[in-house]
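Containing PDB, C-alpha atoms, pLDDT in the B column: model.pdb.
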ATOM      1  CA  MET A   1     -13.472 -91.307 -43.586  1.00 83.00           C
ATOM      2  CA  ALA A   2     -16.794 -89.556 -43.113  1.00 91.00           C
ATOM      3  CA  MET A   3     -19.724 -90.734 -45.204  1.00 93.00           C
ATOM      4  CA  LEU A   4     -23.170 -89.547 -46.227  1.00 94.00           C
ATOM      5  CA  ILE A   5     -25.941 -92.089 -46.629  1.00 94.00           C
ATOM      6  CA  LEU A   6     -28.340 -90.446 -49.100  1.00 94.00           C
ATOM      7  CA  MET A   7     -31.956 -91.515 -49.515  1.00 90.00           C
ATOM      8  CA  THR A   8     -33.872 -90.023 -52.430  1.00 83.00           C
ATOM      9  CA  PRO A   9     -37.611 -89.215 -52.208  1.00 81.00           C
ATOM     10  CA  THR A  10     -38.236 -92.427 -54.211  1.00 84.00           C
ATOM     11  CA  GLY A  11     -36.370 -94.534 -51.616  1.00 84.00           C
ATOM     12  CA  LEU A  12     -33.064 -95.169 -53.432  1.00 86.00           C
ATOM     13  CA  THR A  13     -30.105 -95.227 -51.061  1.00 91.00           C
ATOM     14  CA  THR A  14     -26.516 -94.309 -51.943  1.00 91.00           C
ATOM     15  CA  GLN A  15     -23.313 -94.086 -49.898  1.00 93.00           C
ATOM     16  CA  LEU A  16     -21.230 -90.992 -50.622  1.00 93.00           C
ATOM     17  CA  PRO A  17     -17.760 -90.614 -49.081  1.00 93.00           C
ATOM     18  CA  VAL A  18     -16.920 -87.106 -47.840  1.00 93.00           C
ATOM     19  CA  SER A  19     -13.585 -87.209 -49.619  1.00 88.00           C
ATOM     20  CA  GLU A  20     -13.065 -83.642 -50.865  1.00 88.00           C
ATOM     21  CA  PRO A  21     -12.218 -80.638 -48.647  1.00 92.00           C
ATOM     22  CA  GLY A  22     -15.244 -78.865 -50.139  1.00 95.00           C
ATOM     23  CA  MET A  23     -18.222 -80.688 -51.618  1.00 96.00           C
ATOM     24  CA  ALA A  24     -21.075 -78.798 -53.281  1.00 97.00           C
ATOM     25  CA  ILE A  25     -24.650 -80.093 -53.031  1.00 97.00           C
ATOM     26  CA  GLY A  26     -27.405 -78.948 -55.382  1.00 97.00           C
ATOM     27  CA  ARG A  27     -29.431 -79.416 -58.541  1.00 97.00           C
ATOM     28  CA  ALA A  28     -26.727 -78.310 -61.038  1.00 97.00           C
ATOM     29  CA  GLU A  29     -24.680 -81.079 -62.654  1.00 97.00           C
ATOM     30  CA  ARG A  30     -21.418 -79.403 -61.534  1.00 96.00           C
ATOM     31  CA  ASN A  31     -22.084 -80.303 -57.883  1.00 97.00           C
ATOM     32  CA  HIS A  32     -20.368 -83.198 -56.149  1.00 95.00           C
ATOM     33  CA  VAL A  33     -23.790 -84.360 -54.907  1.00 95.00           C
ATOM     34  CA  VAL A  34     -26.571 -83.764 -57.456  1.00 95.00           C
ATOM     35  CA  LEU A  35     -30.143 -83.733 -56.134  1.00 95.00           C
ATOM     36  CA  ALA A  36     -32.577 -83.736 -59.053  1.00 91.00           C
ATOM     37  CA  SER A  37     -35.548 -81.765 -57.748  1.00 93.00           C
ATOM     38  CA  PRO A  38     -36.937 -78.332 -58.586  1.00 95.00           C
ATOM     39  CA  ARG A  39     -37.147 -77.707 -54.805  1.00 95.00           C
ATOM     40  CA  VAL A  40     -33.340 -77.965 -54.570  1.00 97.00           C
ATOM     41  CA  SER A  41     -31.388 -74.818 -55.477  1.00 97.00           C
ATOM     42  CA  ARG A  42     -28.784 -75.101 -58.227  1.00 97.00           C
ATOM     43  CA  PHE A  43     -26.091 -74.607 -55.575  1.00 97.00           C
ATOM     44  CA  HIS A  44     -27.936 -75.415 -52.361  1.00 98.00           C
ATOM     45  CA  ALA A  45     -25.363 -76.310 -49.706  1.00 98.00           C
ATOM     46  CA  ARG A  46     -21.720 -77.157 -49.181  1.00 98.00           C
ATOM     47  CA  LEU A  47     -19.801 -79.588 -46.988  1.00 97.00           C
ATOM     48  CA  ASP A  48     -16.462 -78.162 -45.865  1.00 96.00           C
ATOM     49  CA  THR A  49     -13.840 -80.237 -44.093  1.00 91.00           C
ATOM     50  CA  ASP A  50     -11.661 -78.337 -41.633  1.00 85.00           C
ATOM     51  CA  GLY A  51      -9.278 -80.803 -39.990  1.00 81.00           C
ATOM     52  CA  PRO A  52     -11.452 -83.277 -38.074  1.00 82.00           C
ATOM     53  CA  LEU A  53     -14.574 -81.125 -38.476  1.00 89.00           C
ATOM     54  CA  VAL A  54     -17.135 -81.355 -41.268  1.00 94.00           C
ATOM     55  CA  ILE A  55     -19.273 -78.236 -41.598  1.00 96.00           C
ATOM     56  CA  LEU A  56     -22.524 -78.091 -43.565  1.00 98.00           C
ATOM     57  CA  ARG A  57     -23.338 -74.621 -44.913  1.00 98.00           C
ATOM     58  CA  ASP A  58     -26.537 -73.516 -46.594  1.00 98.00           C
ATOM     59  CA  LEU A  59     -25.741 -71.335 -49.634  1.00 97.00           C
ATOM     60  CA  GLY A  60     -28.780 -69.070 -49.354  1.00 97.00           C
ATOM     61  CA  SER A  61     -31.199 -71.676 -50.668  1.00 97.00           C
ATOM     62  CA  ARG A  62     -34.890 -70.871 -50.894  1.00 95.00           C
ATOM     63  CA  ASN A  63     -36.133 -74.075 -49.239  1.00 96.00           C
ATOM     64  CA  GLY A  64     -33.416 -74.342 -46.621  1.00 97.00           C
ATOM     65  CA  THR A  65     -31.074 -76.966 -45.239  1.00 98.00           C
ATOM     66  CA  PHE A  66     -32.051 -78.829 -42.074  1.00 98.00           C
ATOM     67  CA  VAL A  67     -29.975 -80.769 -39.546  1.00 97.00           C
ATOM     68  CA  ASN A  68     -31.903 -82.898 -37.058  1.00 96.00           C
ATOM     69  CA  GLY A  69     -35.091 -81.005 -37.932  1.00 96.00           C
ATOM     70  CA  LYS A  70     -33.639 -77.508 -37.400  1.00 97.00           C
ATOM     71  CA  ARG A  71     -33.036 -75.066 -40.270  1.00 97.00           C
ATOM     72  CA  ILE A  72     -29.371 -74.082 -40.324  1.00 97.00           C
ATOM     73  CA  GLU A  73     -27.072 -71.597 -41.998  1.00 97.00           C
ATOM     74  CA  SER A  74     -23.897 -73.359 -40.845  1.00 97.00           C
ATOM     75  CA  GLN A  75     -23.583 -76.443 -38.661  1.00 95.00           C
ATOM     76  CA  VAL A  76     -20.716 -78.631 -37.494  1.00 94.00           C
ATOM     77  CA  LEU A  77     -21.847 -82.191 -38.178  1.00 95.00           C
ATOM     78  CA  VAL A  78     -21.485 -84.972 -35.645  1.00 92.00           C
ATOM     79  CA  ASN A  79     -21.724 -88.700 -36.181  1.00 92.00           C
ATOM     80  CA  GLY A  80     -25.364 -89.691 -36.746  1.00 93.00           C
ATOM     81  CA  ASP A  81     -26.730 -86.263 -37.726  1.00 95.00           C
ATOM     82  CA  ASN A  82     -29.747 -86.307 -40.058  1.00 96.00           C
ATOM     83  CA  ILE A  83     -29.765 -83.840 -42.953  1.00 97.00           C
ATOM     84  CA  ASP A  84     -32.839 -82.880 -44.980  1.00 96.00           C
ATOM     85  CA  ILE A  85     -32.572 -80.970 -48.240  1.00 96.00           C
ATOM     86  CA  ALA A  86     -35.945 -80.654 -50.010  1.00 93.00           C
ATOM     87  CA  GLY A  87     -37.037 -84.210 -49.268  1.00 90.00           C
ATOM     88  CA  TYR A  88     -33.622 -85.795 -49.758  1.00 94.00           C
ATOM     89  CA  TRP A  89     -32.604 -87.369 -46.452  1.00 94.00           C
ATOM     90  CA  MET A  90     -28.980 -87.917 -45.525  1.00 95.00           C
ATOM     91  CA  ARG A  91     -27.326 -89.449 -42.480  1.00 96.00           C
ATOM     92  CA  PHE A  92     -23.824 -88.213 -41.665  1.00 96.00           C
ATOM     93  CA  LEU A  93     -21.536 -90.983 -40.425  1.00 94.00           C
ATOM     94  CA  ALA A  94     -18.077 -90.328 -39.005  1.00 90.00           C
ATOM     95  CA  PRO A  95     -17.236 -93.239 -36.717  1.00 81.00           C
ATOM     96  CA  GLU A  96     -13.605 -92.112 -36.374  1.00 76.00           C
ATOM     97  CA  GLN A  97     -14.647 -88.650 -35.182  1.00 66.00           C
ATOM     98  CA  GLU A  98     -13.182 -87.720 -31.814  1.00 58.00           C
ATOM     99  CA  ILE A  99     -15.656 -88.118 -29.023  1.00 53.00           C
ATOM    100  CA  VAL A 100     -16.993 -84.658 -28.362  1.00 54.00           C
ATOM    101  CA  THR A 101     -20.436 -84.222 -26.898  1.00 55.00           C
ATOM    102  CA  ASP A 102     -23.210 -83.075 -29.210  1.00 57.00           C
ATOM    103  CA  GLU A 103     -23.751 -80.056 -26.982  1.00 57.00           C
ATOM    104  CA  GLU A 104     -20.084 -78.969 -27.295  1.00 55.00           C
ATOM    105  CA  MET A 105     -20.342 -79.174 -31.091  1.00 54.00           C
ATOM    106  CA  ARG A 106     -23.626 -77.237 -31.144  1.00 57.00           C
ATOM    107  CA  LEU A 107     -22.167 -74.479 -28.956  1.00 56.00           C
ATOM    108  CA  LEU A 108     -19.132 -74.242 -31.221  1.00 54.00           C
ATOM    109  CA  SER A 109     -21.433 -73.759 -34.233  1.00 54.00           C
ATOM    110  CA  GLU A 110     -24.003 -71.454 -32.617  1.00 55.00           C
ATOM    111  CA  ARG A 111     -21.572 -69.112 -30.918  1.00 46.00           C
ATOM    112  CA  GLY A 112     -19.608 -68.312 -34.034  1.00 46.00           C
ATOM    113  CA  GLY A 113     -16.694 -70.664 -33.461  1.00 47.00           C
ATOM    114  CA  ILE A 114     -17.142 -71.859 -37.046  1.00 47.00           C
ATOM    115  CA  ALA A 115     -17.669 -69.222 -39.709  1.00 43.00           C
TER     116      ALA A 115
END

Please express the file's structure as structure tokens.
Amino acid sequence: MAMLILMTPTGLTTQLPVSEPGMAIGRAERNHVVLASPRVSRFHARLDTDGPLVILRDLGSRNGTFVNGKRIESQVLVNGDNIDIAGYWMRFLAPEQEIVTDEEMRLLSERGGIA
């Protein structure tokens, strides 16, 4: 099962299993992952599972969602990716993920293979 390792701006670390087909991330209490910061939008981003793929989507947030230092709208995550949402750092871990090169996954995301 895929996992997020979340580190808050104060240095607290939490492990969060990616166990739902769609997991909302944001400031509002109704999210699966609640990030308590005024820099985080109420509904900031979403993790969607599509078979073996986990896709991170920004939901039009003001401060953006970043994967490996690059602002994204939608990105297929690969094992070891670093996510930054308004100073909250997350590492995506999916050790059981099929071995596909990072470049193949990036091309799939960038060329519209994942909507």

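Taking all atoms listed in the file into account, A:Ser41 lies nearest to A:Ile25 out of the set A:Leu53, A:Ile72, A:Ile5, A:Ile25.
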
Closest to A:Leu47 among A:Asn68, A:Thr8, A:Asn82, A:Gln75, using all atoms listed in the file?
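The answer is A:Gln75, which sits nearest to A:Leu47.
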
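Residues in contact range of A:Leu93, defined as at most 10 Å between all atoms listed in the file, with sequence neighbours fewer than 6 positions away removed, read Met1, Ala2, Met3, Leu4, Ile5, Pro17, Val18, Leu77, Val78, Asn79, Gly80, Asp81 and Asn82 of chain A.
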
How many Å lie between atom CA of A:Gly26 and atom CA of A:Glu96, rounded to one decimal?
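Answer for the atom CA of A:Gly26 to atom CA of A:Glu96 separation: 26.9 Å.
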
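Proximity of A:Arg42, A:Thr49, A:Phe66, A:Glu29 to A:Trp89, computed with all atoms listed in the file, is greatest for A:Phe66.
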
Just to confirm, what's the straight-line distance from atom CA of A:Met23 to atom CA of A:Arg57 in Å (one decimal)?
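Taking atom CA of A:Met23 and atom CA of A:Arg57, their separation equals 10.4 Å.
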